[in-house]
$ cat my_file.cif   # mmCIF, C-alpha atoms
data_protein
#
loop_
_atom_site.label_atom_id
_atom_site.label_comp_id
_atom_site.auth_asym_id
_atom_site.auth_seq_id
_atom_site.Cartn_x
_atom_site.Cartn_y
_atom_site.Cartn_z
CA MET A 1025 84.73 144.85 149.33
CA THR A 1026 81.54 144.08 147.49
CA ALA A 1027 83.15 145.15 144.28
CA LEU A 1028 86.09 142.86 144.99
CA ARG A 1029 83.78 139.90 145.61
CA ALA A 1030 81.84 140.69 142.48
CA ALA A 1031 85.04 140.84 140.49
CA ALA A 1032 86.24 137.53 141.95
CA LEU A 1033 82.88 135.98 141.17
CA ALA A 1034 82.96 137.32 137.65
CA ALA A 1035 86.47 135.94 137.18
CA ALA A 1036 85.40 132.54 138.52
CA LEU A 1037 82.35 132.50 136.31
CA CYS A 1038 84.44 133.45 133.31
CA LEU A 1039 86.94 130.71 134.02
CA GLY A 1040 84.22 128.12 134.47
CA GLY A 1041 82.27 129.45 131.54
CA CYS A 1042 85.28 129.64 129.28
CA ALA A 1043 86.29 126.09 130.14
CA LEU A 1044 82.81 124.90 129.25
CA LEU A 1045 82.65 126.92 126.09
CA SER A 1046 86.07 125.98 124.76
CA ASP A 1047 86.42 123.07 122.38
CA PRO A 1048 87.34 119.60 123.65
CA PRO A 1049 90.92 118.55 122.74
CA GLN A 1050 90.37 116.43 119.65
CA THR A 1051 87.97 118.92 118.09
CA ALA A 1052 90.37 121.79 118.78
CA ALA A 1053 93.29 119.91 117.23
CA LEU A 1054 91.20 118.83 114.26
CA LEU A 1055 89.93 122.33 113.51
CA LYS A 1056 93.39 123.80 113.95
CA SER A 1057 94.99 121.49 111.41
CA ALA A 1058 93.11 118.66 109.78
CA PRO A 1059 95.26 115.63 108.91
CA ALA A 1060 96.49 115.54 105.35
CA GLY A 1061 94.26 113.46 103.15
CA LEU A 1062 91.11 114.03 105.19
CA PRO A 1063 88.45 115.53 102.88
CA PRO A 1064 86.92 118.71 104.35
CA GLN A 1065 83.47 117.24 103.99
CA ALA A 1066 81.91 113.80 103.47
CA GLU A 1067 78.48 112.30 103.80
CA ARG A 1068 77.00 108.94 102.97
CA ARG A 1069 73.48 109.99 102.14
CA GLU A 1070 72.44 106.51 101.01
CA VAL A 1071 72.77 104.98 104.48
CA PRO A 1072 69.27 103.78 105.48
CA PHE A 1073 67.40 105.09 108.50
CA PHE A 1074 65.49 103.11 111.10
CA PRO A 1075 63.81 105.41 113.62
CA GLN A 1076 64.16 103.91 117.06
CA THR A 1077 61.37 102.95 119.37
CA ARG A 1078 61.73 103.41 123.13
CA TYR A 1079 65.02 102.01 124.50
CA HIS A 1080 65.84 100.44 121.12
CA CYS A 1081 68.58 102.70 119.78
CA GLY A 1082 70.94 99.69 119.83
CA PRO A 1083 68.92 97.54 117.42
CA ALA A 1084 68.13 100.61 115.27
CA ALA A 1085 71.80 101.64 114.95
CA LEU A 1086 72.81 98.06 114.23
CA ALA A 1087 70.14 97.62 111.55
CA THR A 1088 71.33 100.85 109.95
CA VAL A 1089 74.91 99.68 109.41
CA LEU A 1090 74.04 96.07 108.57
CA VAL A 1091 71.43 96.94 105.94
CA ASP A 1092 73.88 99.52 104.61
CA VAL A 1093 76.35 96.75 103.72
CA GLY A 1094 73.62 94.69 102.06
CA LEU A 1095 72.55 92.33 104.84
CA LYS A 1096 68.88 91.60 105.36
CA THR A 1097 67.70 92.41 108.85
CA ASP A 1098 65.60 94.86 110.84
CA PRO A 1099 65.53 96.40 114.35
CA ASP A 1100 62.87 93.98 115.63
CA GLN A 1101 64.95 90.95 114.74
CA LEU A 1102 68.07 92.53 116.21
CA ALA A 1103 66.33 93.47 119.45
CA ASP A 1104 66.11 89.75 120.22
CA ALA A 1105 69.89 89.58 119.88
CA VAL A 1106 70.98 92.67 121.83
CA PHE A 1107 68.25 94.16 124.01
CA LEU A 1108 68.64 93.47 127.72
CA PRO A 1109 65.27 94.17 129.37
CA ALA A 1110 66.51 94.69 132.94
CA ARG A 1111 68.99 97.32 131.75
CA GLU A 1112 66.51 98.93 129.34
CA GLY A 1113 69.20 99.04 126.71
CA SER A 1114 71.85 97.12 124.80
CA LEU A 1115 75.39 96.38 125.98
CA GLN A 1116 78.41 97.04 123.77
CA ILE A 1117 79.71 93.46 123.75
CA GLU A 1118 76.36 92.15 122.60
CA MET A 1119 76.28 94.72 119.81
CA LEU A 1120 79.48 93.12 118.53
CA GLY A 1121 78.10 89.60 118.98
CA ALA A 1122 74.88 90.38 117.12
CA THR A 1123 76.84 91.91 114.22
CA ARG A 1124 78.68 88.62 113.73
CA ARG A 1125 75.52 86.57 113.84
CA GLN A 1126 74.22 88.61 110.91
CA GLY A 1127 77.30 87.84 108.82
CA ALA A 1128 79.40 90.98 109.26
CA VAL A 1129 82.71 91.42 111.02
CA ALA A 1130 82.50 93.85 113.95
CA THR A 1131 85.76 95.75 114.34
CA LYS A 1132 86.34 98.29 117.07
CA LEU A 1133 87.85 101.56 115.87
CA PRO A 1134 90.49 103.79 117.48
CA GLY A 1135 89.06 106.41 119.82
CA GLU A 1136 90.34 109.31 117.80
CA LEU A 1137 88.05 111.81 116.12
CA PRO A 1138 90.18 112.42 112.99
CA LEU A 1139 90.38 108.67 112.37
CA LEU A 1140 86.65 108.30 112.91
CA LEU A 1141 85.98 110.93 110.26
CA GLN A 1142 88.51 109.28 107.98
CA GLU A 1143 86.58 106.02 108.32
CA VAL A 1144 83.41 107.78 107.19
CA ALA A 1145 85.30 109.42 104.33
CA ALA A 1146 86.44 105.91 103.32
CA GLY A 1147 82.78 105.06 102.85
CA HIS A 1148 81.92 103.23 106.06
CA ALA A 1149 79.07 104.16 108.37
CA VAL A 1150 80.19 103.78 111.98
CA VAL A 1151 78.26 102.89 115.14
CA VAL A 1152 79.18 105.16 118.06
CA LEU A 1153 78.27 105.06 121.73
CA GLN A 1154 77.41 108.44 123.19
CA ASN A 1155 76.58 109.57 126.67
CA LEU A 1156 74.17 112.37 125.87
CA GLY A 1157 73.90 113.26 129.54
CA LEU A 1158 76.59 113.73 132.13
CA ASP A 1159 78.74 111.22 133.97
CA ILE A 1160 76.51 111.68 137.01
CA ALA A 1161 73.30 111.36 134.99
CA PRO A 1162 74.21 109.22 132.00
CA ARG A 1163 72.00 108.81 128.98
CA TRP A 1164 73.66 106.12 126.92
CA HIS A 1165 72.84 106.19 123.26
CA TYR A 1166 73.93 104.43 120.07
CA ALA A 1167 73.94 106.40 116.86
CA VAL A 1168 75.46 105.97 113.40
CA LEU A 1169 77.98 108.47 112.10
CA VAL A 1170 77.38 108.97 108.37
CA GLY A 1171 79.04 112.29 107.58
CA TYR A 1172 80.81 115.45 108.68
CA ASP A 1173 81.55 118.96 107.54
CA LEU A 1174 84.69 120.56 108.92
CA ALA A 1175 83.81 124.04 107.64
CA ALA A 1176 80.43 123.90 109.37
CA ARG A 1177 82.10 122.21 112.36
CA GLU A 1178 79.49 119.49 112.54
CA VAL A 1179 78.92 115.77 112.21
CA ILE A 1180 75.91 114.08 110.67
CA LEU A 1181 74.27 111.14 112.39
CA ARG A 1182 71.40 108.72 112.03
CA SER A 1183 70.24 109.09 115.60
CA GLY A 1184 67.14 108.12 117.53
CA THR A 1185 64.16 109.43 115.63
CA THR A 1186 66.15 111.98 113.65
CA GLU A 1187 67.15 110.86 110.17
CA ARG A 1188 69.81 113.50 109.64
CA GLU A 1189 70.99 114.87 112.93
CA ARG A 1190 73.55 117.65 112.60
CA LEU A 1191 75.53 117.91 115.80
CA PRO A 1192 78.32 120.41 116.46
CA LEU A 1193 81.66 118.62 116.32
CA ARG A 1194 82.51 119.72 119.85
CA THR A 1195 79.20 118.47 121.27
CA PHE A 1196 79.72 115.19 119.49
CA GLU A 1197 83.20 114.84 120.98
CA PHE A 1198 81.91 115.62 124.48
CA THR A 1199 79.20 112.97 124.23
CA TRP A 1200 81.45 110.44 122.50
CA ALA A 1201 84.23 110.96 125.06
CA ARG A 1202 81.74 110.34 127.87
CA GLY A 1203 80.83 107.12 126.06
CA GLY A 1204 84.48 106.03 126.29
CA HIS A 1205 85.38 106.99 122.69
CA TRP A 1206 83.76 103.74 121.63
CA ALA A 1207 82.97 103.01 117.97
CA PHE A 1208 82.89 100.06 115.63
CA ALA A 1209 82.45 99.27 111.97
CA ALA A 1210 80.36 96.36 110.69
CA LEU A 1211 81.64 95.17 107.34
CA PRO A 1212 81.37 92.00 105.27
CA PRO A 1213 84.36 89.65 105.62
CA GLY A 1214 87.07 90.67 103.20
CA ARG A 1215 86.51 94.39 103.75
CA LEU A 1216 88.58 95.92 106.53
CA PRO A 1217 87.90 99.30 108.11
CA ALA A 1218 90.35 101.89 106.79
CA THR A 1219 91.54 102.98 110.22
CA ALA A 1220 91.37 99.79 112.32
CA ARG A 1221 94.38 98.87 114.41
CA GLU A 1222 95.89 95.42 113.93
CA ALA A 1223 94.91 94.14 117.38
CA ASP A 1224 91.29 95.27 116.99
CA ALA A 1225 91.03 93.81 113.50
CA LEU A 1226 92.34 90.50 114.83
CA GLU A 1227 89.86 90.53 117.71
CA GLY A 1228 87.09 91.19 115.21
CA ALA A 1229 88.12 88.28 113.00
CA ILE A 1230 88.48 85.86 115.91
CA GLY A 1231 85.01 86.80 117.12
CA PHE A 1232 83.66 86.40 113.60
CA GLU A 1233 85.13 82.88 113.34
CA ARG A 1234 82.86 81.91 116.22
CA SER A 1235 79.60 82.67 114.40
CA ALA A 1236 80.41 82.63 110.71
CA PRO A 1237 80.46 79.85 108.14
CA PRO A 1238 84.11 78.69 107.92
CA ALA A 1239 84.64 79.85 104.34
CA GLN A 1240 83.57 83.38 105.29
CA ALA A 1241 85.77 83.37 108.37
CA ALA A 1242 88.68 82.31 106.16
CA THR A 1243 87.95 85.32 103.94
CA ALA A 1244 88.14 87.59 106.99
CA TYR A 1245 91.53 86.16 107.99
CA ARG A 1246 92.83 86.46 104.44
CA ALA A 1247 91.96 90.15 104.40
CA LEU A 1248 93.78 90.58 107.69
CA LEU A 1249 96.88 88.78 106.37
CA GLN A 1250 96.86 90.88 103.26
CA ARG A 1251 97.21 94.05 105.33
CA TRP A 1252 99.36 92.56 108.11
CA PRO A 1253 101.21 89.56 106.60
CA GLY A 1254 103.11 88.95 109.84
CA ASN A 1255 100.05 88.40 112.02
CA LEU A 1256 100.55 85.01 113.66
CA LEU A 1257 97.03 84.46 114.97
CA ALA A 1258 95.45 85.46 111.67
CA GLY A 1259 97.59 82.77 110.03
CA ILE A 1260 96.46 80.21 112.59
CA GLY A 1261 92.87 81.36 112.17
CA LEU A 1262 93.10 80.93 108.40
CA GLY A 1263 94.40 77.38 108.84
CA ASN A 1264 91.70 76.46 111.34
CA THR A 1265 88.85 77.88 109.28
CA LEU A 1266 90.11 76.07 106.17
CA VAL A 1267 90.08 72.81 108.12
CA ALA A 1268 86.53 73.56 109.25
CA ALA A 1269 85.63 74.26 105.61
CA GLY A 1270 87.03 70.84 104.67
CA GLU A 1271 89.90 72.24 102.61
CA LEU A 1272 92.69 70.19 104.16
CA PRO A 1273 95.46 70.74 101.58
CA ALA A 1274 94.93 74.51 101.66
CA ALA A 1275 94.88 74.38 105.46
CA ALA A 1276 98.16 72.46 105.53
CA GLN A 1277 99.67 75.08 103.26
CA ALA A 1278 98.45 77.88 105.55
CA PHE A 1279 99.84 76.24 108.70
CA ASP A 1280 103.10 75.41 106.93
CA ALA A 1281 103.54 79.08 106.05
CA VAL A 1282 102.84 80.18 109.63
CA ALA A 1283 105.09 77.51 111.11
CA GLN A 1284 107.99 78.45 108.84
CA ARG A 1285 107.57 82.14 109.49
CA HIS A 1286 106.93 82.17 113.23
CA ASP A 1287 108.10 78.76 114.51
CA SER A 1288 104.75 78.55 116.36
CA ALA A 1289 103.97 75.45 118.41
CA VAL A 1290 100.28 75.78 117.55
CA ALA A 1291 101.00 75.94 113.82
CA TRP A 1292 103.38 72.94 113.95
CA ASN A 1293 100.89 70.97 116.04
CA ASN A 1294 97.93 71.67 113.77
CA LEU A 1295 100.04 71.05 110.68
CA ALA A 1296 101.01 67.64 112.08
CA ARG A 1297 97.36 66.77 112.69
CA ILE A 1298 96.35 67.72 109.18
CA ARG A 1299 99.24 65.83 107.56
CA LEU A 1300 98.16 62.84 109.58
CA SER A 1301 94.63 63.16 108.23
CA LEU A 1302 96.06 63.41 104.73
CA GLY A 1303 98.09 60.23 105.27
CA ASP A 1304 101.50 61.90 105.33
CA VAL A 1305 102.86 60.18 108.45
CA PRO A 1306 106.57 61.13 108.13
CA GLY A 1307 105.62 64.74 107.44
CA ALA A 1308 103.26 64.71 110.40
CA ARG A 1309 105.95 63.29 112.68
CA ALA A 1310 108.48 65.92 111.62
CA ALA A 1311 105.97 68.69 112.31
CA ALA A 1312 104.94 67.18 115.66
CA GLU A 1313 108.58 67.04 116.74
CA ARG A 1314 108.97 70.70 115.94
CA ALA A 1315 105.77 71.41 117.91
CA VAL A 1316 107.12 69.65 121.00
CA GLN A 1317 110.51 71.36 120.70
CA ARG A 1318 108.96 74.77 120.36
CA ALA A 1319 106.45 74.18 123.18
CA GLN A 1320 109.25 73.08 125.49
CA LYS A 1321 111.30 76.10 124.60
CA ALA A 1322 108.74 78.87 124.64
CA GLU A 1323 105.08 77.84 124.63
CA PRO A 1324 104.48 75.53 127.61
CA ALA A 1325 100.71 75.95 127.43
CA PHE A 1326 100.70 73.76 124.32
CA LEU A 1327 103.19 71.12 125.46
CA ALA A 1328 100.54 68.56 126.38
CA ALA A 1329 98.72 68.96 123.08
CA ALA A 1330 101.99 68.74 121.12
CA ARG A 1331 103.03 65.54 122.94
CA ASP A 1332 99.63 63.98 122.22
CA THR A 1333 100.06 64.81 118.57
CA LEU A 1334 103.55 63.31 118.49
CA ALA A 1335 102.25 60.15 120.12
CA ALA A 1336 99.50 59.96 117.51
CA THR A 1337 102.05 60.15 114.69
CA SER A 1338 104.04 57.32 116.26
CA ALA A 1339 100.93 55.20 116.60
CA ALA A 1340 99.97 55.76 112.98
CA PRO A 1341 100.87 53.02 110.51
CA MET B 1354 81.80 69.34 150.47
CA SER B 1355 79.28 71.89 149.27
CA LEU B 1356 81.94 73.57 147.17
CA PHE B 1357 82.82 70.19 145.70
CA ARG B 1358 79.21 69.46 144.87
CA ARG B 1359 78.66 72.88 143.45
CA THR B 1360 81.69 72.48 141.24
CA ILE B 1361 80.50 69.12 139.99
CA ALA B 1362 77.04 70.51 139.35
CA ARG B 1363 78.45 73.37 137.37
CA LEU B 1364 80.70 71.07 135.40
CA LEU B 1365 77.74 68.87 134.56
CA ALA B 1366 75.69 71.85 133.60
CA ALA B 1367 78.51 73.05 131.44
CA SER B 1368 78.89 69.79 129.64
CA LEU B 1369 75.17 69.25 129.21
CA VAL B 1370 73.94 72.69 128.33
CA PHE B 1371 76.91 73.93 126.43
CA SER B 1372 78.42 70.85 124.92
CA GLY B 1373 79.72 71.88 121.59
CA MET B 1374 79.23 75.59 122.10
CA ALA B 1375 81.82 76.45 124.68
CA GLN B 1376 84.70 76.57 122.28
CA ALA B 1377 85.17 77.34 118.67
CA ALA B 1378 87.91 74.85 117.86
CA PRO B 1379 87.71 73.57 114.29
CA GLY B 1380 88.18 69.96 115.37
CA PRO B 1381 88.70 68.15 118.62
CA LEU B 1382 92.40 67.61 117.96
CA LEU B 1383 93.41 70.96 116.57
CA ILE B 1384 94.29 73.93 118.75
CA GLY B 1385 91.65 76.57 118.09
CA THR B 1386 92.38 80.18 117.18
CA GLU B 1387 90.79 81.51 120.37
CA GLN B 1388 92.68 79.02 122.52
CA ALA B 1389 95.91 80.05 120.82
CA ALA B 1390 95.10 83.72 121.37
CA VAL B 1391 94.25 83.27 125.04
CA ALA B 1392 97.28 81.15 125.80
CA MET B 1393 99.62 83.49 123.97
CA GLN B 1394 98.31 86.66 125.52
CA ALA B 1395 97.58 85.64 129.09
CA VAL B 1396 99.23 83.50 131.68
CA ALA B 1397 96.94 80.49 131.89
CA PRO B 1398 98.00 77.48 133.96
CA SER B 1399 97.20 75.34 130.94
CA GLU B 1400 95.04 75.39 127.88
CA THR B 1401 92.66 72.89 129.51
CA HIS B 1402 92.24 75.11 132.57
CA ALA B 1403 91.44 78.07 130.38
CA ARG B 1404 88.81 76.13 128.45
CA LEU B 1405 87.15 74.87 131.61
CA ALA B 1406 87.02 78.32 133.18
CA ALA B 1407 85.57 79.72 129.98
CA ALA B 1408 82.86 77.05 129.89
CA LEU B 1409 81.87 77.87 133.48
CA ASP B 1410 81.75 81.59 132.71
CA ARG B 1411 79.31 80.85 129.92
CA VAL B 1412 77.00 78.91 132.23
CA GLU B 1413 76.97 81.78 134.69
CA LEU B 1414 76.45 84.30 131.92
CA ALA B 1415 73.44 82.34 130.70
CA SER B 1416 71.75 82.55 134.08
CA ALA B 1417 72.74 86.20 134.49
CA LEU B 1418 71.19 87.12 131.14
CA GLN B 1419 68.09 85.08 131.87
CA ALA B 1420 67.69 86.81 135.22
CA ARG B 1421 67.74 90.10 133.35
CA GLY B 1422 64.93 89.22 131.03
CA VAL B 1423 66.51 87.42 128.07
CA THR B 1424 64.23 84.58 127.01
CA PRO B 1425 65.67 81.05 127.02
CA ASP B 1426 65.36 80.62 123.27
CA GLN B 1427 67.57 83.68 122.71
CA LEU B 1428 70.24 82.66 125.20
CA ARG B 1429 72.23 80.17 123.19
CA GLY B 1430 72.62 82.32 120.11
CA ARG B 1431 73.58 85.38 122.09
CA ILE B 1432 76.17 83.66 124.24
CA ASN B 1433 77.57 81.60 121.40
CA ALA B 1434 78.36 84.77 119.44
CA LEU B 1435 80.83 85.94 122.08
CA THR B 1436 84.46 84.97 122.46
CA ASP B 1437 85.62 83.55 125.79
CA VAL B 1438 87.15 86.89 126.70
CA GLU B 1439 83.98 88.78 125.85
CA ALA B 1440 81.75 86.34 127.73
CA LYS B 1441 83.88 86.83 130.83
CA GLN B 1442 83.82 90.62 130.46
CA LEU B 1443 80.08 90.70 129.95
CA LEU B 1444 79.54 88.54 133.02
CA GLU B 1445 81.69 90.86 135.11
CA GLN B 1446 80.14 94.11 133.90
CA ILE B 1447 76.57 93.15 133.16
CA ASP B 1448 75.12 95.66 135.63
CA GLN B 1449 77.71 98.41 135.22
CA ALA B 1450 78.46 98.51 131.51
CA PRO B 1451 76.78 101.32 129.56
CA ALA B 1452 73.42 100.20 128.18
CA GLY B 1453 72.61 102.30 125.15
CA GLY B 1454 68.88 102.73 125.30
CA ASP B 1455 66.82 105.75 125.98
CA ILE B 1456 66.89 108.95 124.05
CA LEU B 1457 63.33 110.07 124.79
CA GLY B 1458 62.93 112.66 127.50
CA ILE B 1459 66.60 113.32 127.56
CA ILE B 1460 66.54 116.99 126.64
CA PHE B 1461 64.40 117.83 129.63
CA THR B 1462 66.60 115.87 132.03
CA ILE B 1463 69.79 117.54 130.87
CA PHE B 1464 68.05 120.89 130.92
CA ILE B 1465 67.12 120.44 134.57
CA ILE B 1466 70.58 119.22 135.60
CA LEU B 1467 72.38 122.02 133.83
CA LEU B 1468 69.88 124.52 135.14
CA VAL B 1469 70.62 123.38 138.68
CA THR B 1470 74.41 123.38 138.20
CA ASP B 1471 74.09 126.85 136.70
CA ILE B 1472 72.10 128.14 139.65
CA LEU B 1473 74.67 126.62 142.00
CA GLY B 1474 77.32 128.56 140.18
CA LEU B 1475 79.14 125.43 139.08
CA THR B 1476 78.42 126.08 135.41
CA LYS B 1477 77.29 128.91 133.16
CA VAL B 1478 75.51 127.38 130.26
CA PHE B 1479 72.27 129.34 129.95
CA PRO B 1480 72.35 133.09 129.36
CA PHE B 1481 69.27 133.64 131.54
CA THR B 1482 70.47 131.91 134.71
CA ARG B 1483 71.97 133.81 137.61
CA SER B 1484 74.16 132.19 140.19
CA VAL B 1485 72.79 132.25 143.73
CA ARG B 1486 76.18 133.29 145.06
#
$ encode --input "my_file.cif" --output "structure tokens"
Amino acid sequence: MTALRAAALAAALCLGGCALLSDPPQTAALLKSAPAGLPPQAERREVPFFPQTRYHCGPAALATVLVDVGLKTDPDQLADAVFLPAREGSLQIEMLGATRRQGAVATKLPGELPLLLQEVAAGHAVVVLQNLGLDIAPRWHYAVLVGYDLAAREVILRSGTTERERLPLRTFEFTWARGGHWAFAALPPGRLPATAREADALEGAIGFERSAPPAQAATAYRALLQRWPGNLLAGIGLGNTLVAAGELPAAAQAFDAVAQRHDSAVAWNNLARIRLSLGDVPGARAAAERAVQRAQKAEPAFLAAARDTLAATSAAP
Amino acid sequence: MSLFRRTIARLLAASLVFSGMAQAAPGPLLIGTEQAAVAMQAVAPSETHARLAAALDRVELASALQARGVTPDQLRGRINALTDVEAKQLLEQIDQAPAGGDILGIIFTIFIILLVTDILGLTKVFPFTRSVR
């Protein structure tokens, strides 16, 4: 009887122990067969290091990636932009906001380990959110992924007060998974992360438009259009930022291209407004009519704006 | 009545405090990129409704951040850097969202937790622990 119980206990312990000791799914898949084209090892040794002070891993990680792409800032300055005293830490959304204010586009990355490593291999340091503790006792932490070594099964991070932290790949995945597989790249406008998805890249550019000088925001949208020429909102963003930069003819050209390609009410409407500003009243009226037609047919949210624009073209001399 | 007054007060606050920062439209007559994105992706009653709601969210977010220790001179820059969608998300999750912060003392904490779960027989991380069962 005792022997039976001992055996059952041993079996249970083994099961539990084996589950804990086995690799998490992405690590297991990655070590079994790495994706073609992923170098077995990569490290960006030149990425700077800012040791964190208490609670300030957010500003430290942010300074690391921003200074790495040539922007001038430091953790103290960034703490004013991200640190939330009552929470004794920095929230993810504010990390993205602060990146933009410093002149870089913050783009969220897919939550897949092979892609994350590919991003590093492409030369981009990446901010990751880890939960170093457990779900029941979380220890949230931002670090910067700067390298990896598949043969040694480890990643290399700028983390906390450790300049070159080597963490087993599986431990990294556990902590990153508990952080929601969250990561982002901070790059100057015009440079897109290698692995970003279209929707995330768009979100990054739209956020950047909010804080950036218009000409820089236009650069970000151009980069997006170069990789995804059919992106409607990137086309609209390019037009809007060119208007804000005072480049009306170029803006008209951008909106014309979007309007022709997508028959978008927003593009027709904005094109009409710009033609009006440029003194092309017949052209403006034609575009405004298309805007109203399209809004009636498929984009009711913009019907009021389109009608206003049409009225303005009729009132113009 | 009180709801009406509160709404008016918030509207006034929105227009006074955040005039010019609530939206990122390139000109008053153009439809902004964010507005286009919101209206295309979500079901908003109208573009005007969406803008108004977003402006109110920003006012609330400002007081929420201030209540959590952000100084007034930092508020504008921090809120202005967020899109309408992000401002709304931040407002909703400000006390629940992960706050990356402390790394100090962590090893000891994890050690204790895992030690306890080991002793309870829930885990088997350390070679020197023995389950109580």
$ atom_distance --input "my_file.cif" --atom1 "CA of Phe1232 in chain A" --atom2 "CA of Gln1442 in chain B"
17.4 Å
$ residues_around --input "my_file.cif" --residues "Val1423 in chain B" --least-positions-apart "6" --cutoff "10 Å" --atoms "only C-alpha atoms" --output "JSON, numbers by chain"
{"A": [1104, 1105, 1106, 1107, 1108, 1109, 1110], "B": [1415, 1416, 1417, 1431]}
$ resolve_selection --input "my_file.cif" --expression "the PyMOL selection byres ((chain A and resi 1269-1283) around 6)" --output "JSON, numbers by chain"
{"A": [1238, 1239, 1259, 1263, 1266, 1267, 1268, 1284, 1285, 1286, 1287, 1288, 1291, 1292, 1295]}
$ atom_distance --input "my_file.cif" --atom1 "CA of Gly1135 in chain A" --atom2 "CA of Val1438 in chain B"
20.8 Å
$ resolve_selection --input "my_file.cif" --expression "the PyMOL selection byres ((chain B and resi 1450) around 10)" --output "PyMOL selection string"
(chain A and resi 1111+1114-1117) or (chain B and resi 1442-1443+1445-1449+1451-1453)
$ atom_distance --input "my_file.cif" --atom1 "CA of Glu1118 in chain A" --atom2 "CA of Leu1248 in chain A"
23.0 Å
$ resolve_selection --input "my_file.cif" --expression "the PyMOL selection byres ((chain A and resi 1206) around 12)" --output "VMD selection string"
(chain A and resid 1115 to 1117 1119 to 1120 1131 to 1137 1140 1150 to 1155 1164 to 1168 1197 1199 to 1205 1207 to 1209) or (chain B and resid 1451 1453)
$ residues_near_point --input "my_file.cif" --point "(89.6, 88.0, 108.8)" --cutoff "10 Å" --atoms "only C-alpha atoms" --output "ChimeraX atom specification"
/A:1129,1212-1216,1225-1233,1240-1250,1258-1259,1261-1262
$ write_last_selection --input "my_file.cif" --atoms "C-alpha atoms" --output "PDB file, in the coordinates of the input"
ATOM      1  CA  VAL A1129      82.710  91.420 111.020  1.00  0.00           C
ATOM      2  CA  PRO A1212      81.370  92.000 105.270  1.00  0.00           C
ATOM      3  CA  PRO A1213      84.360  89.650 105.620  1.00  0.00           C
ATOM      4  CA  GLY A1214      87.070  90.670 103.200  1.00  0.00           C
ATOM      5  CA  ARG A1215      86.510  94.390 103.750  1.00  0.00           C
ATOM      6  CA  LEU A1216      88.580  95.920 106.530  1.00  0.00           C
ATOM      7  CA  ALA A1225      91.030  93.810 113.500  1.00  0.00           C
ATOM      8  CA  LEU A1226      92.340  90.500 114.830  1.00  0.00           C
ATOM      9  CA  GLU A1227      89.860  90.530 117.710  1.00  0.00           C
ATOM     10  CA  GLY A1228      87.090  91.190 115.210  1.00  0.00           C
ATOM     11  CA  ALA A1229      88.120  88.280 113.000  1.00  0.00           C
ATOM     12  CA  ILE A1230      88.480  85.860 115.910  1.00  0.00           C
ATOM     13  CA  GLY A1231      85.010  86.800 117.120  1.00  0.00           C
ATOM     14  CA  PHE A1232      83.660  86.400 113.600  1.00  0.00           C
ATOM     15  CA  GLU A1233      85.130  82.880 113.340  1.00  0.00           C
ATOM     16  CA  GLN A1240      83.570  83.380 105.290  1.00  0.00           C
ATOM     17  CA  ALA A1241      85.770  83.370 108.370  1.00  0.00           C
ATOM     18  CA  ALA A1242      88.680  82.310 106.160  1.00  0.00           C
ATOM     19  CA  THR A1243      87.950  85.320 103.940  1.00  0.00           C
ATOM     20  CA  ALA A1244      88.140  87.590 106.990  1.00  0.00           C
ATOM     21  CA  TYR A1245      91.530  86.160 107.990  1.00  0.00           C
ATOM     22  CA  ARG A1246      92.830  86.460 104.440  1.00  0.00           C
ATOM     23  CA  ALA A1247      91.960  90.150 104.400  1.00  0.00           C
ATOM     24  CA  LEU A1248      93.780  90.580 107.690  1.00  0.00           C
ATOM     25  CA  LEU A1249      96.880  88.780 106.370  1.00  0.00           C
ATOM     26  CA  GLN A1250      96.860  90.880 103.260  1.00  0.00           C
ATOM     27  CA  ALA A1258      95.450  85.460 111.670  1.00  0.00           C
ATOM     28  CA  GLY A1259      97.590  82.770 110.030  1.00  0.00           C
ATOM     29  CA  GLY A1261      92.870  81.360 112.170  1.00  0.00           C
ATOM     30  CA  LEU A1262      93.100  80.930 108.400  1.00  0.00           C
TER      31      LEU A1262
END
$ closest_residue --input "my_file.cif" --among "A:Val1093, A:Ala1146, A:Ala1289, A:Ala1325" --to "chain B" --atoms "only C-alpha atoms"
A:Ala1325
$ residues_around --input "my_file.cif" --residues "Glu1323 in chain A" --least-positions-apart "3" --cutoff "10 Å" --atoms "all atoms listed in the file" --output "NGL selection string"
(:A and (1288-1290 or 1315-1320 or 1326-1327)) or (:B and (1392-1393))
$ closest_residue --input "my_file.cif" --among "B:Ala1408, B:Thr1386, B:Thr1401, B:Gln1419" --to "chain A" --atoms "all atoms listed in the file"
B:Thr1386
$ closest_residue --input "my_file.cif" --among "B:Gly1422, B:His1402, B:Arg1429, B:Leu1414" --to "chain A" --atoms "all atoms listed in the file"
B:Gly1422
$ closest_residue --input "my_file.cif" --among "A:Ile1180, A:Ala1339, A:Leu1256, A:Ala1060" --to "chain B" --atoms "all atoms listed in the file"
A:Leu1256
$ residues_around --input "my_file.cif" --residues "range 1062-1078 of chain A" --least-positions-apart "3" --cutoff "10 Å" --atoms "all atoms listed in the file" --output "number ranges by chain"
A: 1058-1059, 1081-1093, 1098-1100, 1112-1113, 1138-1139, 1141-1149, 1168-1188; B: 1454-1457
$ closest_residue --input "my_file.cif" --among "A:Gly1157, A:Pro1217, A:Gly1254, A:Pro1048" --to "chain B" --atoms "all atoms listed in the file"
A:Gly1157
$ closest_residue --input "my_file.cif" --among "A:Gly1121, A:Pro1324, A:Pro1341, A:Pro1049" --to "chain B" --atoms "only C-alpha atoms"
A:Gly1121
